[in-house]
file data_39.cif (mmCIF, C-alpha atoms and all ligand atoms)
data_input
loop_
_atom_site.label_atom_id
_atom_site.label_comp_id
_atom_site.auth_asym_id
_atom_site.auth_seq_id
_atom_site.Cartn_x
_atom_site.Cartn_y
_atom_site.Cartn_z
CA MET A 1 149.12 128.12 316.98
CA ASN A 2 152.88 128.72 317.01
CA THR A 3 153.73 125.37 315.51
CA GLU A 4 152.25 126.47 312.19
CA HIS A 5 155.08 128.96 311.83
CA GLU A 6 157.90 126.81 313.13
CA CYS A 7 157.10 123.89 310.87
CA LEU A 8 156.89 123.86 307.11
CA ILE A 9 154.70 120.75 306.96
CA TRP A 10 152.27 119.50 309.54
CA TRP A 11 149.90 116.55 309.37
CA GLU A 12 147.32 116.68 312.17
CA GLU A 13 145.16 113.65 313.02
CA VAL A 14 145.02 112.51 309.39
CA HIS A 15 142.84 109.49 308.60
CA LYS A 16 142.50 107.63 305.33
CA SER A 17 140.63 104.41 304.55
CA PHE A 18 140.22 102.50 301.32
CA GLY A 19 136.97 100.60 301.90
CA ALA A 20 137.50 98.55 305.06
CA ASN A 21 141.26 99.12 304.93
CA HIS A 22 141.89 101.86 307.53
CA VAL A 23 145.42 102.83 306.44
CA LEU A 24 146.12 106.14 308.21
CA ARG A 25 144.61 106.15 311.71
CA GLY A 26 145.35 109.59 313.06
CA VAL A 27 148.77 110.57 311.77
CA THR A 28 150.26 113.65 313.41
CA LEU A 29 153.72 114.63 312.20
CA GLN A 30 155.70 117.82 311.68
CA VAL A 31 158.58 118.66 309.38
CA CYS A 32 160.60 121.80 309.98
CA GLN A 33 162.18 124.08 307.40
CA GLY A 34 165.46 122.74 306.01
CA GLU A 35 165.29 119.34 307.66
CA THR A 36 165.41 115.92 306.04
CA LEU A 37 162.82 113.65 307.60
CA VAL A 38 163.01 109.95 306.76
CA ILE A 39 159.77 107.98 307.17
CA ILE A 40 160.20 104.26 307.71
CA GLY A 41 157.71 101.46 308.15
CA ARG A 42 156.86 98.06 306.80
CA SER A 43 155.64 97.48 303.27
CA GLY A 44 151.99 98.41 302.93
CA CYS A 45 151.81 100.48 306.13
CA GLY A 46 150.80 103.64 304.27
CA LYS A 47 154.03 105.57 303.67
CA SER A 48 153.28 106.33 300.02
CA VAL A 49 149.68 107.20 300.91
CA LEU A 50 150.95 109.68 303.52
CA LEU A 51 153.30 111.37 301.00
CA LYS A 52 150.56 111.55 298.39
CA THR A 53 148.26 113.44 300.77
CA LEU A 54 150.74 116.34 300.61
CA VAL A 55 150.33 116.84 296.88
CA GLY A 56 146.64 116.02 296.51
CA LEU A 57 147.12 112.62 294.86
CA ILE A 58 145.17 111.18 297.81
CA SER A 59 142.65 113.15 299.91
CA PRO A 60 142.38 112.32 303.61
CA ASP A 61 138.99 111.36 305.02
CA SER A 62 139.61 113.65 307.99
CA GLY A 63 142.36 115.66 309.61
CA ARG A 64 144.25 118.73 308.54
CA ILE A 65 147.52 119.29 306.67
CA TRP A 66 149.50 122.51 306.63
CA VAL A 67 152.10 123.24 304.00
CA LYS A 68 153.92 126.51 304.60
CA ASP A 69 151.20 127.99 306.83
CA ARG A 70 148.30 127.06 304.57
CA GLN A 71 145.86 124.31 305.45
CA ILE A 72 145.45 122.31 302.22
CA VAL A 73 142.70 119.75 302.95
CA GLY A 74 139.57 120.89 301.15
CA ASP A 75 141.19 124.09 299.89
CA PRO A 76 141.98 123.81 296.15
CA SER A 77 144.02 127.01 295.96
CA ALA A 78 146.18 126.05 298.98
CA MET A 79 146.57 122.58 297.47
CA ALA A 80 147.69 124.06 294.12
CA GLU A 81 150.28 126.11 296.00
CA ALA A 82 151.47 122.97 297.86
CA GLN A 83 151.83 121.17 294.52
CA ARG A 84 153.94 124.05 293.24
CA LEU A 85 156.18 123.91 296.34
CA CYS A 86 156.68 120.13 296.27
CA GLY A 87 158.80 118.09 293.86
CA MET A 88 158.24 114.37 294.00
CA VAL A 89 160.51 111.50 293.02
CA PHE A 90 158.03 108.66 292.71
CA GLN A 91 158.51 105.04 293.73
CA GLY A 92 159.50 103.45 290.39
CA ALA A 93 160.92 106.73 289.02
CA ALA A 94 157.99 107.55 286.72
CA LEU A 95 159.31 108.88 283.41
CA PHE A 96 157.51 109.15 280.09
CA ASP A 97 158.78 106.09 278.21
CA SER A 98 158.13 107.52 274.76
CA LEU A 99 160.15 110.68 275.47
CA SER A 100 163.93 110.96 275.58
CA VAL A 101 165.72 112.00 278.77
CA ALA A 102 166.01 115.57 277.40
CA GLU A 103 162.31 115.67 276.50
CA ASN A 104 161.32 114.32 279.93
CA LEU A 105 163.36 117.10 281.55
CA ALA A 106 162.15 119.77 279.13
CA LEU A 107 158.46 119.15 279.89
CA PRO A 108 158.19 121.46 282.92
CA TYR A 109 159.93 124.21 280.94
CA TRP A 110 157.68 123.78 277.90
CA GLU A 111 154.63 123.85 280.15
CA ASN A 112 155.54 126.63 282.56
CA THR A 113 158.07 128.97 280.98
CA ASP A 114 158.85 130.96 277.81
CA LEU A 115 162.51 129.92 277.78
CA SER A 116 164.14 129.47 274.36
CA LYS A 117 165.28 126.06 273.06
CA GLY A 118 168.92 126.94 273.81
CA GLU A 119 168.11 128.13 277.33
CA ILE A 120 166.18 124.94 278.04
CA GLU A 121 169.08 122.81 276.75
CA GLU A 122 171.43 124.69 279.05
CA ARG A 123 169.12 124.12 282.07
CA ILE A 124 168.86 120.42 281.23
CA ARG A 125 172.64 120.11 281.02
CA SER A 126 173.10 121.72 284.44
CA LEU A 127 170.31 119.64 286.03
CA LEU A 128 171.93 116.46 284.73
CA ALA A 129 175.30 117.64 286.04
CA LEU A 130 173.69 118.25 289.44
CA VAL A 131 172.65 114.58 289.58
CA GLY A 132 175.99 113.34 288.20
CA LEU A 133 174.93 112.44 284.65
CA ARG A 134 176.05 113.69 281.27
CA ASP A 135 175.65 112.82 277.59
CA VAL A 136 172.42 110.97 278.31
CA GLU A 137 170.07 113.57 276.81
CA GLN A 138 169.20 111.53 273.74
CA LEU A 139 168.71 108.19 275.53
CA MET A 140 165.24 106.76 276.07
CA PRO A 141 164.18 105.72 279.62
CA ALA A 142 164.30 102.03 278.61
CA GLU A 143 168.01 102.46 277.82
CA LEU A 144 168.83 103.66 281.36
CA SER A 145 169.77 101.54 284.37
CA GLY A 146 167.55 101.73 287.48
CA GLY A 147 170.00 104.08 289.20
CA MET A 148 170.19 106.37 286.17
CA ARG A 149 166.39 106.46 285.97
CA LYS A 150 166.21 107.54 289.62
CA ARG A 151 168.75 110.28 288.89
CA VAL A 152 166.81 111.53 285.86
CA SER A 153 163.64 111.43 287.93
CA LEU A 154 165.34 113.52 290.62
CA ALA A 155 166.59 115.96 287.98
CA ARG A 156 163.05 116.30 286.63
CA ALA A 157 161.64 117.02 290.08
CA LEU A 158 164.38 119.64 290.61
CA ALA A 159 163.48 121.34 287.31
CA ASP A 160 160.43 122.82 289.01
CA GLU A 161 162.67 124.43 291.64
CA PRO A 162 160.71 122.99 294.56
CA GLU A 163 161.16 124.12 298.16
CA ILE A 164 160.10 120.69 299.38
CA MET A 165 161.36 117.44 297.92
CA LEU A 166 159.48 114.18 298.42
CA TYR A 167 161.33 110.94 297.70
CA ASP A 168 159.40 107.67 297.65
CA GLU A 169 161.75 104.69 298.05
CA PRO A 170 164.67 106.32 296.22
CA THR A 171 167.05 103.37 296.72
CA THR A 172 164.70 100.39 296.42
CA GLY A 173 165.75 97.91 293.74
CA LEU A 174 169.28 99.27 293.43
CA ASP A 175 172.52 97.48 294.31
CA PRO A 176 174.14 98.69 297.57
CA ILE A 177 176.72 100.81 295.78
CA MET A 178 174.19 102.55 293.56
CA ALA A 179 171.90 102.94 296.61
CA ASP A 180 174.76 104.63 298.43
CA ALA A 181 175.35 106.91 295.44
CA ILE A 182 171.67 107.92 295.48
CA ASN A 183 171.86 108.59 299.25
CA GLU A 184 174.91 110.78 298.59
CA LEU A 185 173.00 112.54 295.87
CA ILE A 186 170.06 113.25 298.16
CA ARG A 187 172.48 114.66 300.71
CA SER A 188 174.46 116.77 298.26
CA THR A 189 171.28 118.07 296.60
CA GLN A 190 170.06 119.02 300.05
CA ASP A 191 173.27 121.01 300.62
CA LYS A 192 173.36 122.68 297.20
CA VAL A 193 169.70 123.61 296.86
CA LYS A 194 168.29 124.61 300.25
CA LEU A 195 165.48 122.11 300.50
CA THR A 196 163.18 120.57 303.04
CA SER A 197 162.98 116.86 302.25
CA ILE A 198 160.87 113.88 303.16
CA VAL A 199 162.27 110.49 302.22
CA VAL A 200 160.14 107.36 302.49
CA THR A 201 162.16 104.15 302.67
CA HIS A 202 162.76 100.71 304.13
CA ASP A 203 166.48 101.29 303.70
CA LEU A 204 168.28 101.90 307.00
CA SER A 205 171.39 103.10 305.16
CA THR A 206 169.27 106.03 303.94
CA VAL A 207 168.35 106.75 307.58
CA ARG A 208 172.03 106.76 308.53
CA LYS A 209 173.15 108.82 305.57
CA VAL A 210 170.52 111.51 305.01
CA ALA A 211 168.17 111.84 308.00
CA ASN A 212 168.06 114.69 310.49
CA HIS A 213 164.93 113.10 311.92
CA VAL A 214 163.19 109.77 311.49
CA ALA A 215 159.53 108.88 311.91
CA MET A 216 158.19 105.34 311.97
CA LEU A 217 154.68 104.61 310.72
CA HIS A 218 153.07 101.50 312.19
CA GLU A 219 149.45 100.41 312.14
CA GLY A 220 148.36 103.79 310.86
CA ARG A 221 150.13 105.95 313.42
CA ILE A 222 153.53 107.49 314.03
CA ILE A 223 154.99 105.35 316.79
CA PHE A 224 158.46 106.91 316.81
CA HIS A 225 159.76 110.38 315.93
CA GLY A 226 163.31 111.35 316.82
CA THR A 227 166.90 111.51 315.63
CA PRO A 228 168.64 108.56 313.92
CA ASP A 229 170.69 108.01 317.11
CA GLU A 230 167.49 107.84 319.16
CA LEU A 231 166.00 105.40 316.63
CA PHE A 232 168.94 103.01 316.81
CA ALA A 233 168.95 103.24 320.63
CA SER A 234 165.19 102.72 320.92
CA ALA A 235 163.91 99.97 323.19
CA ASP A 236 160.47 99.90 321.57
CA PRO A 237 159.93 96.29 320.42
CA VAL A 238 158.29 97.27 317.12
CA VAL A 239 161.13 99.68 316.32
CA THR A 240 163.87 97.21 317.26
CA GLN A 241 162.17 94.46 315.28
CA PHE A 242 162.15 96.69 312.19
CA ILE A 243 165.77 97.73 312.67
CA GLN A 244 166.95 94.18 313.18
CA GLY A 245 164.80 92.90 310.32
CA ARG A 246 163.35 90.09 312.39
CA ALA A 247 160.23 88.30 311.13
CA ASP A 248 158.54 87.96 314.51
CA ALA A 249 155.21 86.11 314.26
CA ARG A 250 153.81 87.92 317.31
CA VAL A 251 154.03 91.32 315.69
CA GLU A 252 153.97 90.48 312.00
CA VAL A 253 151.32 87.86 311.39
CA PRO A 254 147.77 88.84 312.22
CA ARG A 255 146.60 85.19 312.19
CA PRO A 256 149.27 83.13 314.00
CA GLU A 257 147.23 79.93 313.74
CA LEU A 258 147.53 80.14 309.92
CA ARG A 259 151.30 80.64 310.20
CA GLU A 260 151.69 77.59 312.46
CA HIS A 261 149.66 75.52 310.04
CA GLU A 262 151.93 76.61 307.17
CA ILE A 263 155.07 75.79 309.14
CA ASP A 264 153.71 72.31 310.02
CA GLU A 265 153.34 71.39 306.37
N1 LIG B 301 144.68 104.23 295.54
C1 LIG B 301 144.49 103.22 296.39
N2 LIG B 301 143.32 102.55 296.41
C2 LIG B 301 143.11 101.55 297.29
N3 LIG B 301 144.01 101.15 298.21
C3 LIG B 301 145.19 101.79 298.23
C4 LIG B 301 145.49 102.85 297.34
N4 LIG B 301 146.73 103.30 297.60
C5 LIG B 301 147.19 102.55 298.62
N5 LIG B 301 146.26 101.64 299.00
C6 LIG B 301 146.40 100.68 300.11
O1 LIG B 301 146.90 101.39 301.23
C7 LIG B 301 147.84 100.59 301.94
C8 LIG B 301 149.15 101.36 302.08
O2 LIG B 301 149.73 101.50 300.80
P1 LIG B 301 151.08 102.30 300.56
O3 LIG B 301 151.33 102.26 299.10
O4 LIG B 301 151.01 103.63 301.20
O5 LIG B 301 152.12 101.39 301.35
P2 LIG B 301 153.67 101.68 301.57
O6 LIG B 301 153.89 101.83 303.03
O7 LIG B 301 154.12 102.78 300.68
O8 LIG B 301 154.29 100.27 301.10
P3 LIG B 301 155.65 99.98 300.28
O9 LIG B 301 156.75 100.12 301.28
O10 LIG B 301 155.47 98.56 299.83
O11 LIG B 301 155.75 100.95 299.15
C9 LIG B 301 147.95 99.27 301.18
O12 LIG B 301 147.11 98.34 301.84
C10 LIG B 301 147.42 99.61 299.81
O13 LIG B 301 146.81 98.49 299.22
MG MG B 302 155.25 102.86 298.98
#

call {"tool": "encode", "arguments": {"input": "data_39.cif", "output": "structure tokens", "more": "lines below"}}
Ligand SMILES: Nc1ncnc2c1ncn2[C@@H]1O[C@H](COP(=O)(O)OP(=O)(O)OP(=O)(O)O)[C@@H](O)[C@H]1O
Ligand SMILES: [Mg+2]
result
Amino acid sequence: MNTEHECLIWWEEVHKSFGANHVLRGVTLQVCQGETLVIIGRSGCGKSVLLKTLVGLISPDSGRIWVKDRQIVGDPSAMAEAQRLCGMVFQGAALFDSLSVAENLALPYWENTDLSKGEIEERIRSLLALVGLRDVEQLMPAELSGGMRKRVSLARALADEPEIMLYDEPTTGLDPIMADAINELIRSTQDKVKLTSIVVTHDLSTVRKVANHVAMLHEGRIIFHGTPDELFASADPVVTQFIQGRADARVEVPRPELREHEIDE
């Protein structure tokens, strides 16, 4: 099918359950080369699960996933290739706490290259410069602020020279100014290093600042896929509720009788 060649990433009818919890209920979504797709949706709707299916951290129960023309579900060699292509900035900016910033960044080089100590130090310096940090090499992760940790985490993902960058909640837990700085960073990284990016977030400022396209995951399916302008103009009640941040009992609470009882008390 043509679409395989036009799109770099393609989820087709992907399902995933954890016991009785049917999280992904037939997700079909495409991401084209060079675009930044932002995936939004309420907490617990399966955004992180969806990202993790791309790098084999979670296997779908059914469906197919293409990454750069190779179908990766059930194919270990295609999956290994997808892992090589994808860099991931995890929710919570996972760094090794017992290693310094420099050691965290050096890990991919120690593991995958024969570069000398001096060459690795040079790479680390330029990666840190790319994310707007310097003179932090000797600090431990516990000595960094949340925003600095996210930057180091992004630098570490970039060390592998990925073609695809996956960001899970890059601005969550940061103050609005630091969140804006991270959004800027995602955008400038996108411009400097020709990447295809997927950003999972609740943060509408990220949608405004970095997205070419936006997809909304709701009840296990993609219920909206379009441009940011189309998102903000959408008349879909679930989309508008999310955008306006309204806690609407009709859509949000599966057992309204329980909610009424709580309110009565
Ligand atoms: N490894 C796992 N084992 C069992 N259940 C899981 C696992 N990972 C995720 N889940 C469940 O899948 C659902 C979706 O989780 P997920 O982490 O993808 O949500 P999310 O949309 O990323 O939420 P948030 O915005 O809060 O990060 C949740 O009900 C969660 O409990
Ligand atoms: Mg998540």

call {"tool": "atom_distance", "arguments": {"input": "data_39.cif", "atom1": "atom CA of Arg151 of chain A", "atom2": "atom N3 of ligand LIG 301 (chain B)"}}
result
28.0 Å

call {"tool": "closest_residue", "arguments": {"input": "data_39.cif", "among": "A:Phe224, A:Phe96, A:Tyr109, A:Phe90", "to": "ligand MG 302 (chain B)", "atoms": "all atoms listed in the file"}}
result
A:Phe90

call {"tool": "residues_near_ligand", "arguments": {"input": "data_39.cif", "ligand": "ligand MG 302 (chain B)", "cutoff": "7 Å", "atoms": "all atoms listed in the file", "output": "ChimeraX atom specification"}}
result
/A:43-44,46-48,91,168-169

call {"tool": "write_last_selection", "arguments": {"input": "data_39.cif", "atoms": "C-alpha atoms", "output": "mmCIF file, in the frame of the given file"}}
result
data_model
loop_
_atom_site.group_PDB
_atom_site.id
_atom_site.type_symbol
_atom_site.label_atom_id
_atom_site.label_comp_id
_atom_site.auth_asym_id
_atom_site.auth_seq_id
_atom_site.Cartn_x
_atom_site.Cartn_y
_atom_site.Cartn_z
ATOM 1 C CA SER A 43 155.640 97.480 303.270
ATOM 2 C CA GLY A 44 151.990 98.410 302.930
ATOM 3 C CA GLY A 46 150.800 103.640 304.270
ATOM 4 C CA LYS A 47 154.030 105.570 303.670
ATOM 5 C CA SER A 48 153.280 106.330 300.020
ATOM 6 C CA GLN A 91 158.510 105.040 293.730
ATOM 7 C CA ASP A 168 159.400 107.670 297.650
ATOM 8 C CA GLU A 169 161.750 104.690 298.050
#

call {"tool": "residues_near_ligand", "arguments": {"input": "data_39.cif", "ligand": "ligand LIG 301 (chain B)", "cutoff": "10 Å", "atoms": "all atoms listed in the file", "output": "number ranges by chain"}}
result
A: 16-24, 39-52, 57-58, 91-92, 168-169, 172, 200-202, 217-218, 220

call {"tool": "residues_around", "arguments": {"input": "data_39.cif", "residues": "Leu174 of chain A", "least_positions_apart": "3", "cutoff": "7 Å", "atoms": "all atoms listed in the file", "output": "JSON, numbers by chain"}}
result
{"A": [146, 147, 171, 178, 179]}

call {"tool": "atom_distance", "arguments": {"input": "data_39.cif", "atom1": "atom CA of Val55 of chain A", "atom2": "atom CA of Ser205 of chain A"}}
result
26.5 Å

call {"tool": "closest_residue", "arguments": {"input": "data_39.cif", "among": "A:Ile186, A:Thr206, A:Leu166, A:Thr113", "to": "Gly132 of chain A", "atoms": "only C-alpha atoms"}}
result
A:Ile186

call {"tool": "closest_residue", "arguments": {"input": "data_39.cif", "among": "A:Ile177, A:Val38, A:Leu130, A:Leu85", "to": "Asp191 of chain A", "atoms": "all atoms listed in the file"}}
result
A:Leu130

call {"tool": "residues_around", "arguments": {"input": "data_39.cif", "residues": "Leu144 of chain A", "least_positions_apart": "2", "cutoff": "12 Å", "atoms": "all atoms listed in the file", "output": "VMD selection string"}}
result
chain A and resid 93 95 97 100 to 101 133 136 to 142 146 to 153

call {"tool": "closest_residue", "arguments": {"input": "data_39.cif", "among": "A:Met165, A:Ala80, A:Leu29, A:Ile9", "to": "Leu195 of chain A", "atoms": "all atoms listed in the file"}}
result
A:Met165

call {"tool": "atom_distance", "arguments": {"input": "data_39.cif", "atom1": "atom CA of Arg134 of chain A", "atom2": "atom CA of Leu154 of chain A"}}
result
14.2 Å

call {"tool": "closest_residue", "arguments": {"input": "data_39.cif", "among": "A:Cys86, A:Ala157, A:Ile243, A:Leu115", "to": "Val207 of chain A", "atoms": "all atoms listed in the file"}}
result
A:Ile243

call {"tool": "closest_residue", "arguments": {"input": "data_39.cif", "among": "A:Asp160, A:Ile72, A:Pro228, A:Trp66", "to": "Leu105 of chain A", "atoms": "only C-alpha atoms"}}
result
A:Asp160

call {"tool": "axis_aligned_box", "arguments": {"input": "data_39.cif", "around": "segment 141-148 of chain A", "padding_each_side": "6 Å", "output": "AutoDock Vina command-line options"}}
result
--center_x 167.2 --center_y 104.0 --center_z 283.5 --size_x 18.0 --size_y 16.8 --size_z 23.4

call {"tool": "residues_around", "arguments": {"input": "data_39.cif", "residues": "Ile124 of chain A", "least_positions_apart": "4", "cutoff": "8 Å", "atoms": "all atoms listed in the file", "output": "PDB file with C-alpha atoms, keeping the file's coordinate frame"}}
result
ATOM      1  CA  ALA A 102     166.010 115.570 277.400  1.00  0.00           C
ATOM      2  CA  LEU A 105     163.360 117.100 281.550  1.00  0.00           C
ATOM      3  CA  ALA A 106     162.150 119.770 279.130  1.00  0.00           C
ATOM      4  CA  ILE A 120     166.180 124.940 278.040  1.00  0.00           C
ATOM      5  CA  LEU A 128     171.930 116.460 284.730  1.00  0.00           C
TER       6      LEU A 128
END

call {"tool": "residues_around", "arguments": {"input": "data_39.cif", "residues": "Glu35 of chain A", "least_positions_apart": "4", "cutoff": "7 Å", "atoms": "all atoms listed in the file", "output": "compact mmCIF listing (two decimals) with C-alpha atoms, in the coordinates of the input"}}
result
# COMPACT_ATOMS: atom_id res chain seq x y z
CA VAL A 31 158.58 118.66 309.38
CA THR A 196 163.18 120.57 303.04
CA SER A 197 162.98 116.86 302.25
CA ASN A 212 168.06 114.69 310.49

call {"tool": "decode", "arguments": {"input": "data_39.cif", "residues": "segment 66-78 of chain A", "atoms": "N, CA, C and O atoms", "output": "PDB file, in the first residue's frame"}}
result
ATOM      1  N   TRP A  66       4.067  -0.072  11.485  1.00  0.00           N
ATOM      2  CA  TRP A  66       5.195   0.101  10.573  1.00  0.00           C
ATOM      3  C   TRP A  66       6.079   1.239  11.070  1.00  0.00           C
ATOM      4  O   TRP A  66       5.580   2.294  11.457  1.00  0.00           O
ATOM      5  N   VAL A  67       7.374   1.006  11.067  1.00  0.00           N
ATOM      6  CA  VAL A  67       8.325   2.081  11.306  1.00  0.00           C
ATOM      7  C   VAL A  67       9.277   2.046  10.116  1.00  0.00           C
ATOM      8  O   VAL A  67       9.961   1.042   9.885  1.00  0.00           O
ATOM      9  N   LYS A  68       9.272   3.108   9.346  1.00  0.00           N
ATOM     10  CA  LYS A  68      10.113   3.209   8.154  1.00  0.00           C
ATOM     11  C   LYS A  68       9.983   1.958   7.265  1.00  0.00           C
ATOM     12  O   LYS A  68      10.959   1.250   7.032  1.00  0.00           O
ATOM     13  N   ASP A  69       8.768   1.673   6.855  1.00  0.00           N
ATOM     14  CA  ASP A  69       8.501   0.585   5.904  1.00  0.00           C
ATOM     15  C   ASP A  69       8.648  -0.830   6.444  1.00  0.00           C
ATOM     16  O   ASP A  69       8.458  -1.791   5.711  1.00  0.00           O
ATOM     17  N   ARG A  70       8.999  -0.972   7.721  1.00  0.00           N
ATOM     18  CA  ARG A  70       9.076  -2.341   8.254  1.00  0.00           C
ATOM     19  C   ARG A  70       8.014  -2.534   9.314  1.00  0.00           C
ATOM     20  O   ARG A  70       7.847  -1.703  10.204  1.00  0.00           O
ATOM     21  N   GLN A  71       7.287  -3.651   9.209  1.00  0.00           N
ATOM     22  CA  GLN A  71       6.251  -3.976  10.169  1.00  0.00           C
ATOM     23  C   GLN A  71       6.957  -4.600  11.385  1.00  0.00           C
ATOM     24  O   GLN A  71       7.660  -5.593  11.256  1.00  0.00           O
ATOM     25  N   ILE A  72       6.780  -3.996  12.572  1.00  0.00           N
ATOM     26  CA  ILE A  72       7.602  -4.392  13.721  1.00  0.00           C
ATOM     27  C   ILE A  72       6.936  -5.371  14.686  1.00  0.00           C
ATOM     28  O   ILE A  72       7.624  -6.006  15.469  1.00  0.00           O
ATOM     29  N   VAL A  73       5.589  -5.499  14.625  1.00  0.00           N
ATOM     30  CA  VAL A  73       4.926  -6.384  15.598  1.00  0.00           C
ATOM     31  C   VAL A  73       5.271  -7.836  15.264  1.00  0.00           C
ATOM     32  O   VAL A  73       5.022  -8.297  14.156  1.00  0.00           O
ATOM     33  N   GLY A  74       5.876  -8.511  16.222  1.00  0.00           N
ATOM     34  CA  GLY A  74       6.225  -9.918  16.035  1.00  0.00           C
ATOM     35  C   GLY A  74       7.457 -10.143  15.181  1.00  0.00           C
ATOM     36  O   GLY A  74       7.753 -11.284  14.806  1.00  0.00           O
ATOM     37  N   ASP A  75       8.198  -9.081  14.872  1.00  0.00           N
ATOM     38  CA  ASP A  75       9.405  -9.235  14.057  1.00  0.00           C
ATOM     39  C   ASP A  75      10.594  -8.629  14.828  1.00  0.00           C
ATOM     40  O   ASP A  75      10.819  -7.420  14.785  1.00  0.00           O
ATOM     41  N   PRO A  76      11.349  -9.472  15.546  1.00  0.00           N
ATOM     42  CA  PRO A  76      12.408  -8.944  16.418  1.00  0.00           C
ATOM     43  C   PRO A  76      13.454  -8.114  15.672  1.00  0.00           C
ATOM     44  O   PRO A  76      13.931  -7.109  16.211  1.00  0.00           O
ATOM     45  N   SER A  77      13.783  -8.472  14.443  1.00  0.00           N
ATOM     46  CA  SER A  77      14.836  -7.692  13.774  1.00  0.00           C
ATOM     47  C   SER A  77      14.304  -6.317  13.344  1.00  0.00           C
ATOM     48  O   SER A  77      15.004  -5.305  13.460  1.00  0.00           O
ATOM     49  N   ALA A  78      13.032  -6.273  12.897  1.00  0.00           N
ATOM     50  CA  ALA A  78      12.433  -4.968  12.558  1.00  0.00           C
ATOM     51  C   ALA A  78      12.271  -4.125  13.821  1.00  0.00           C
ATOM     52  O   ALA A  78      12.468  -2.909  13.800  1.00  0.00           O
TER      53      ALA A  78
END
